[in-house]
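Chemist: Take this structure first; my questions come after.
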Amino acid sequence: MLLVPTQVRPSSIQGLGLFSTAPIAKGTITWTFNPHFDLVFTVAQVEAMPPIQKALLRHHGYLSTALGKFVFCVDDARFWNHSSDCNNGEILLPGEIEASNVALRDIAAGEELTVDYRTFDGKDSDAGASWLTR
């Protein structure tokens with residue numbers, strides 16, 4: 001679940017992106033797993049879904065390397081784009097089963113929030129994919 005104010009807008013990175021609407025200080029937790037807002041599906045459940053649902057989960061969800069399951073964020077966190085020079089990273093908070101996102105530097109209002117998918121998404125762990133080096 002997002003913990004900072006954001007909005008979805010067109011992105012120069014890919015399609016739509018997630019943008020801050022207020023400054024975010026370095027070290028701020030920006031997202032944390034919340035079972036009331038983040039749906040979890042086993043790989044078998046995803047494979048059994050109709051193609052359109054499967055495509056939605058594969059595009060807007062992620063295969064958690066910690067859980068071994070697909071996570072689909074119901075809030076706008078599903079619009080987070082990838083960057084190899086990201087402004088958000090991962091931190092495992094005490095008692096949590098999934099890593100949270102943390103601002104790696106100060107982020108200005110209006111700036112797109114980005115993460116490196118390879119650090120948490122099992123389906124994007126292929127570092128050789130050309131789009132993952134952007």
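A note on labels: chains of the structure tokens are A, B, ... as shown, every chain counts residues from 1, and ligands are counted from 1 in their shown order.
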So which residues touch Leu39 in chain A within 7 Å, counting only C-alpha atoms, skipping near sequence neighbours fewer than 3 positions away, as JSON, numbers by chain?
Modeler: {"A": [35, 71, 72, 73]}
Chemist: List as a Markdown table every residue of range 8-93 of chain A that is in contact with range 106-117 of chain A, defined as an atom at most 8 Å from one of its atoms (using only C-alpha atoms), together with the nearest atom pair and the distance in Å rounded to one decimal, sorted by chain and then rising number.
Modeler:
| residue | atom | partner | partner_atom | distance |
| --- | --- | --- | --- | --- |
| A:Ser11 | CA | A:Glu112 | CA | 7.7 |
| A:Gly17 | CA | A:Glu112 | CA | 6.6 |
| A:Leu18 | CA | A:Glu112 | CA | 5.6 |
| A:Phe19 | CA | A:Glu112 | CA | 4.2 |
| A:Ser20 | CA | A:Ala109 | CA | 5.2 |
| A:Thr21 | CA | A:Ala109 | CA | 4.9 |
| A:Ala22 | CA | A:Ala109 | CA | 4.3 |
| A:Pro23 | CA | A:Ala109 | CA | 4.6 |
| A:Ile24 | CA | A:Ile107 | CA | 5.0 |
| A:Ala25 | CA | A:Asp106 | CA | 4.6 |
| A:Lys26 | CA | A:Asp106 | CA | 4.5 |
| A:Trp80 | CA | A:Thr114 | CA | 6.0 |
| A:Asn81 | CA | A:Thr114 | CA | 5.2 |
| A:His82 | CA | A:Val115 | CA | 5.1 |
| A:Ser83 | CA | A:Asp116 | CA | 5.4 |
| A:Ser84 | CA | A:Asp116 | CA | 5.5 |
| A:Asp85 | CA | A:Asp116 | CA | 7.6 |
| A:Cys86 | CA | A:Val115 | CA | 4.9 |
| A:Asn87 | CA | A:Thr114 | CA | 5.6 |
| A:Asn88 | CA | A:Val115 | CA | 5.2 |
| A:Gly89 | CA | A:Val115 | CA | 6.2 |
Chemist: Which residue out of A:Ala99, A:Phe120, A:Leu3, A:Arg105 has the minimum interatomic distance to Phe37 in chain A when only C-alpha atoms are used?
Modeler: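 Of A:Ala99, A:Phe120, A:Leu3, A:Arg105, the one nearest Phe37 in chain A is A:Leu3, counting only C-alpha atoms.
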Chemist: What gap, in Å, lies between CA of Arg58 in chain A and CA of Ser12 in chain A?
Modeler: 21.2 Å
Chemist: Report as a ChimeraX atom specification: the residues of range 46-97 of chain A with a DSSP assignment of strand (DSSP E), based on the backbone of this structure.
Modeler: /A:62-63,70-73,81-82,88-91
Chemist: I need the residues from that last selection saved to file as a short mmCIF file (atom, residue, chain, number, x, y, z; two decimals), in the first residue's frame (with N, CA and C atoms), if you can.
Modeler:
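The new file again_15.cif reads:
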data_model
loop_
_atom_site.label_atom_id
_atom_site.label_comp_id
_atom_site.auth_asym_id
_atom_site.auth_seq_id
_atom_site.Cartn_x
_atom_site.Cartn_y
_atom_site.Cartn_z
N TYR A 62 3.58 -8.49 -9.63
CA TYR A 62 4.97 -8.99 -9.61
C TYR A 62 5.02 -10.33 -8.90
N LEU A 63 6.01 -11.12 -9.30
CA LEU A 63 6.24 -12.43 -8.69
C LEU A 63 7.23 -12.22 -7.55
N PHE A 70 2.47 -14.32 -6.74
CA PHE A 70 2.20 -13.06 -7.41
C PHE A 70 1.51 -12.10 -6.46
N VAL A 71 1.93 -10.84 -6.50
CA VAL A 71 1.30 -9.78 -5.71
C VAL A 71 0.72 -8.76 -6.68
N PHE A 72 -0.54 -8.39 -6.47
CA PHE A 72 -1.21 -7.38 -7.28
C PHE A 72 -1.66 -6.27 -6.34
N CYS A 73 -1.11 -5.09 -6.53
CA CYS A 73 -1.47 -3.94 -5.69
C CYS A 73 -2.78 -3.34 -6.19
N ASN A 81 7.05 2.32 -12.28
CA ASN A 81 7.88 1.90 -13.41
C ASN A 81 9.29 1.54 -12.96
N HIS A 82 9.96 0.78 -13.82
CA HIS A 82 11.33 0.33 -13.58
C HIS A 82 12.34 1.37 -14.03
N ASN A 88 13.77 4.67 -5.52
CA ASN A 88 13.24 3.88 -4.41
C ASN A 88 13.92 2.52 -4.39
N GLY A 89 14.20 2.04 -3.19
CA GLY A 89 14.82 0.74 -3.02
C GLY A 89 14.01 -0.08 -2.03
N GLU A 90 14.57 -1.20 -1.63
CA GLU A 90 13.88 -2.11 -0.71
C GLU A 90 14.49 -2.07 0.68
N ILE A 91 13.63 -2.28 1.67
CA ILE A 91 14.08 -2.43 3.05
C ILE A 91 13.13 -3.42 3.72
#
